[in-house]
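Participant: Here it is: the structure, laid out below.
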Amino acid sequence: MILYKSFETAKMVVEEATKQFAPCWELSVDKLSACEQYCSVFDSFLKETDAKMFSVSVDEIQMTVALSSRFEKIEFESSKSFVRLTECALKTTVEPSEDEWEVTFIFSSLWKKSVFCQGVN
């Protein structure tokens, strides 16, 4: 059985994005904590679906965080973690193909305007 640790991956991706967004944007500790909780539920989802892979990305324009996975089958109605993630996400996409599914959960930005850039658009 695979032990998924999506928050470790998310933390690396978020740290890199934070460097790119500085100095006008800074990481919100509260929002990062929420991201850690989402990742915990996402790990459960990965385990439920016996996911083949997962990825974490940041949209540099919208500043949103996406958690994606690929797997063969799932009963969406019986997946508590899928339902919970869908409720927390801004957007959920489900893309089927012949032999697998790809699901992406998009979450709100983890960054807030820095005091150095208040009043700057």
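Identifiers in the structure tokens: chain A, B, ... in order shown; residue index from 1 per chain; ligand index from 1 in order shown.
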Near Ala10 in chain A, within 10 Å and counting only C-alpha atoms, which residues show up once chain neighbours fewer than 6 positions away are dropped, as a count of residues only?

Facilitator: 12

Participant: From a DSSP calculation on the backbone, collect every residue of chain A in strand (DSSP E or B) and output the set as a ChimeraX atom specification.

Facilitator: /A:25-27,53-58,65-71,91-96,101-107,111-113

Participant: Excluding Glu98 in chain A and any residue of its chain fewer than 4 positions from it, enumerate the residues within 12 Å of it, using only C-alpha atoms, and give them as a list in words.

Facilitator: Phe71, Glu72, Lys73 and Glu102 of chain A

Participant: Run DSSP on the backbone of this structure and report the residues of chain A it assigns to helix (DSSP H, G or I), as an MDAnalysis selection string.

Facilitator: chainID A and resid 6:21 29:49 76:78 80:88 115:117

Participant: Keeping only N, CA and C atoms, write those residues as a compact mmCIF listing (two decimals), in the first residue's frame.

Facilitator:
```
# COMPACT_ATOMS: atom_id res chain seq x y z
N SER A 6 0.64 14.23 0.17
CA SER A 6 0.48 15.32 -0.79
C SER A 6 0.86 16.68 -0.21
N PHE A 7 0.74 16.85 1.11
CA PHE A 7 1.08 18.15 1.68
C PHE A 7 2.58 18.44 1.55
N GLU A 8 3.40 17.42 1.63
CA GLU A 8 4.84 17.64 1.45
C GLU A 8 5.12 18.19 0.05
N THR A 9 4.45 17.62 -0.94
CA THR A 9 4.59 18.12 -2.32
C THR A 9 4.00 19.52 -2.43
N ALA A 10 2.81 19.70 -1.87
CA ALA A 10 2.15 21.01 -1.93
C ALA A 10 3.02 22.08 -1.29
N LYS A 11 3.62 21.76 -0.17
CA LYS A 11 4.45 22.74 0.54
C LYS A 11 5.63 23.19 -0.33
N MET A 12 6.26 22.26 -1.04
CA MET A 12 7.37 22.62 -1.93
C MET A 12 6.88 23.52 -3.08
N VAL A 13 5.74 23.17 -3.67
CA VAL A 13 5.19 23.95 -4.78
C VAL A 13 4.79 25.34 -4.29
N VAL A 14 4.15 25.40 -3.13
CA VAL A 14 3.70 26.68 -2.56
C VAL A 14 4.90 27.56 -2.19
N GLU A 15 5.95 26.97 -1.63
CA GLU A 15 7.15 27.74 -1.29
C GLU A 15 7.77 28.37 -2.54
N GLU A 16 7.82 27.61 -3.62
CA GLU A 16 8.37 28.14 -4.87
C GLU A 16 7.49 29.27 -5.42
N ALA A 17 6.18 29.08 -5.39
CA ALA A 17 5.26 30.13 -5.85
C ALA A 17 5.37 31.38 -4.98
N THR A 18 5.54 31.18 -3.69
CA THR A 18 5.66 32.32 -2.75
C THR A 18 6.87 33.17 -3.12
N LYS A 19 7.97 32.54 -3.50
CA LYS A 19 9.16 33.28 -3.93
C LYS A 19 8.85 34.11 -5.18
N GLN A 20 8.09 33.52 -6.09
CA GLN A 20 7.75 34.22 -7.34
C GLN A 20 6.78 35.37 -7.10
N PHE A 21 5.87 35.22 -6.12
CA PHE A 21 4.86 36.24 -5.86
C PHE A 21 5.37 37.39 -5.00
N VAL A 29 -0.59 32.14 6.70
CA VAL A 29 -0.41 30.96 7.55
C VAL A 29 -1.74 30.23 7.75
N ASP A 30 -2.82 30.97 7.93
CA ASP A 30 -4.14 30.36 8.12
C ASP A 30 -4.57 29.58 6.88
N LYS A 31 -4.33 30.16 5.72
CA LYS A 31 -4.72 29.49 4.47
C LYS A 31 -3.83 28.28 4.20
N LEU A 32 -2.56 28.35 4.59
CA LEU A 32 -1.67 27.20 4.44
C LEU A 32 -2.14 26.06 5.34
N SER A 33 -2.63 26.41 6.52
CA SER A 33 -3.17 25.40 7.44
C SER A 33 -4.40 24.72 6.82
N ALA A 34 -5.25 25.51 6.18
CA ALA A 34 -6.41 24.95 5.49
C ALA A 34 -5.96 24.03 4.36
N CYS A 35 -4.92 24.43 3.64
CA CYS A 35 -4.37 23.61 2.56
C CYS A 35 -3.88 22.27 3.11
N GLU A 36 -3.27 22.29 4.27
CA GLU A 36 -2.81 21.04 4.89
C GLU A 36 -3.98 20.12 5.18
N GLN A 37 -5.10 20.69 5.63
CA GLN A 37 -6.30 19.88 5.88
C GLN A 37 -6.85 19.32 4.58
N TYR A 38 -6.89 20.13 3.53
CA TYR A 38 -7.36 19.64 2.23
C TYR A 38 -6.48 18.49 1.75
N CYS A 39 -5.19 18.64 1.93
CA CYS A 39 -4.25 17.59 1.50
C CYS A 39 -4.46 16.30 2.28
N SER A 40 -4.81 16.41 3.54
CA SER A 40 -5.09 15.22 4.35
C SER A 40 -6.29 14.46 3.78
N VAL A 41 -7.33 15.19 3.42
CA VAL A 41 -8.51 14.56 2.82
C VAL A 41 -8.15 14.03 1.42
N PHE A 42 -7.34 14.78 0.69
CA PHE A 42 -6.89 14.36 -0.64
C PHE A 42 -6.10 13.06 -0.54
N ASP A 43 -5.26 12.93 0.49
CA ASP A 43 -4.52 11.68 0.70
C ASP A 43 -5.49 10.50 0.89
N SER A 44 -6.56 10.74 1.62
CA SER A 44 -7.59 9.69 1.80
C SER A 44 -8.22 9.33 0.46
N PHE A 45 -8.49 10.36 -0.34
CA PHE A 45 -9.06 10.15 -1.68
C PHE A 45 -8.09 9.33 -2.54
N LEU A 46 -6.82 9.66 -2.49
CA LEU A 46 -5.81 8.92 -3.25
C LEU A 46 -5.77 7.46 -2.84
N LYS A 47 -5.89 7.23 -1.55
CA LYS A 47 -5.88 5.86 -1.03
C LYS A 47 -7.15 5.11 -1.48
N GLU A 48 -8.30 5.77 -1.37
CA GLU A 48 -9.58 5.16 -1.79
C GLU A 48 -9.55 4.72 -3.25
N THR A 49 -8.94 5.55 -4.08
CA THR A 49 -8.96 5.30 -5.52
C THR A 49 -7.75 4.52 -6.01
N PHE A 76 -18.15 7.49 -7.10
CA PHE A 76 -18.16 8.84 -6.56
C PHE A 76 -19.18 9.01 -5.44
N GLU A 77 -20.33 8.37 -5.58
CA GLU A 77 -21.39 8.54 -4.58
C GLU A 77 -20.98 8.02 -3.20
N SER A 78 -20.10 7.02 -3.17
CA SER A 78 -19.72 6.42 -1.90
C SER A 78 -18.39 6.97 -1.36
N LYS A 80 -16.56 9.51 0.54
CA LYS A 80 -16.72 10.66 1.45
C LYS A 80 -15.66 11.71 1.20
N SER A 81 -14.44 11.28 0.89
CA SER A 81 -13.37 12.25 0.66
C SER A 81 -13.62 13.05 -0.62
N PHE A 82 -14.18 12.41 -1.66
CA PHE A 82 -14.50 13.14 -2.89
C PHE A 82 -15.54 14.22 -2.60
N VAL A 83 -16.57 13.84 -1.86
CA VAL A 83 -17.64 14.79 -1.52
C VAL A 83 -17.07 15.95 -0.71
N ARG A 84 -16.25 15.64 0.28
CA ARG A 84 -15.69 16.69 1.14
C ARG A 84 -14.79 17.64 0.35
N LEU A 85 -13.94 17.08 -0.52
CA LEU A 85 -13.07 17.92 -1.34
C LEU A 85 -13.87 18.80 -2.29
N THR A 86 -14.91 18.23 -2.87
CA THR A 86 -15.77 18.99 -3.78
C THR A 86 -16.44 20.15 -3.06
N GLU A 87 -16.84 19.93 -1.82
CA GLU A 87 -17.47 20.99 -1.03
C GLU A 87 -16.49 22.12 -0.71
N CYS A 88 -15.22 21.80 -0.54
CA CYS A 88 -14.21 22.80 -0.17
C CYS A 88 -13.59 23.50 -1.37
N VAL A 115 2.10 44.02 3.04
CA VAL A 115 2.04 45.41 3.50
C VAL A 115 2.90 46.31 2.62
N PHE A 116 3.89 45.72 1.92
CA PHE A 116 4.76 46.50 1.03
C PHE A 116 4.02 46.98 -0.22
N CYS A 117 2.92 46.31 -0.54
CA CYS A 117 2.21 46.62 -1.79
C CYS A 117 0.77 47.01 -1.56
```

Participant: Can you pull out every residue within 6 Å of range 91-93 of chain A, counting only C-alpha atoms, but drop anything in the same chain fewer than 3 positions away, and send it as a list in words?

Facilitator: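 Everything that qualifies: Val103, Thr104, Phe105 and Ile106 of chain A.
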
Participant: My list of candidates is A:Leu3, A:Leu27, A:Trp101, A:Ala22. Which is closest to Ser68 in chain A when distances are computed with only C-alpha atoms?

Facilitator: A:Trp101

Participant: Nearest residue to Trp111 in chain A out of A:Met53, A:Met63, A:Leu90, A:Ile74, using only C-alpha atoms?

Facilitator: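 Checking each of A:Met53, A:Met63, A:Leu90, A:Ile74 against Trp111 in chain A, counting only C-alpha atoms, the winner is A:Met63.
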
Participant: To one decimal place in Å, what is the distance between CA of Val94 in chain A and CA of Ser108 in chain A?

Facilitator: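 Computing it gives 18.3 Å between the two atoms.
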
Participant: How many Å separate CA of Ala51 in chain A from CA of Phe107 in chain A?

Facilitator: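 Separation between CA of Ala51 in chain A and CA of Phe107 in chain A: 19.9 Å.
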
Participant: Suppose you want the space between CA of Cys24 in chain A and CA of Gln62 in chain A; what is it in Å?

Facilitator: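 Atom-to-atom, CA of Cys24 in chain A and CA of Gln62 in chain A are spaced 14.6 Å apart.
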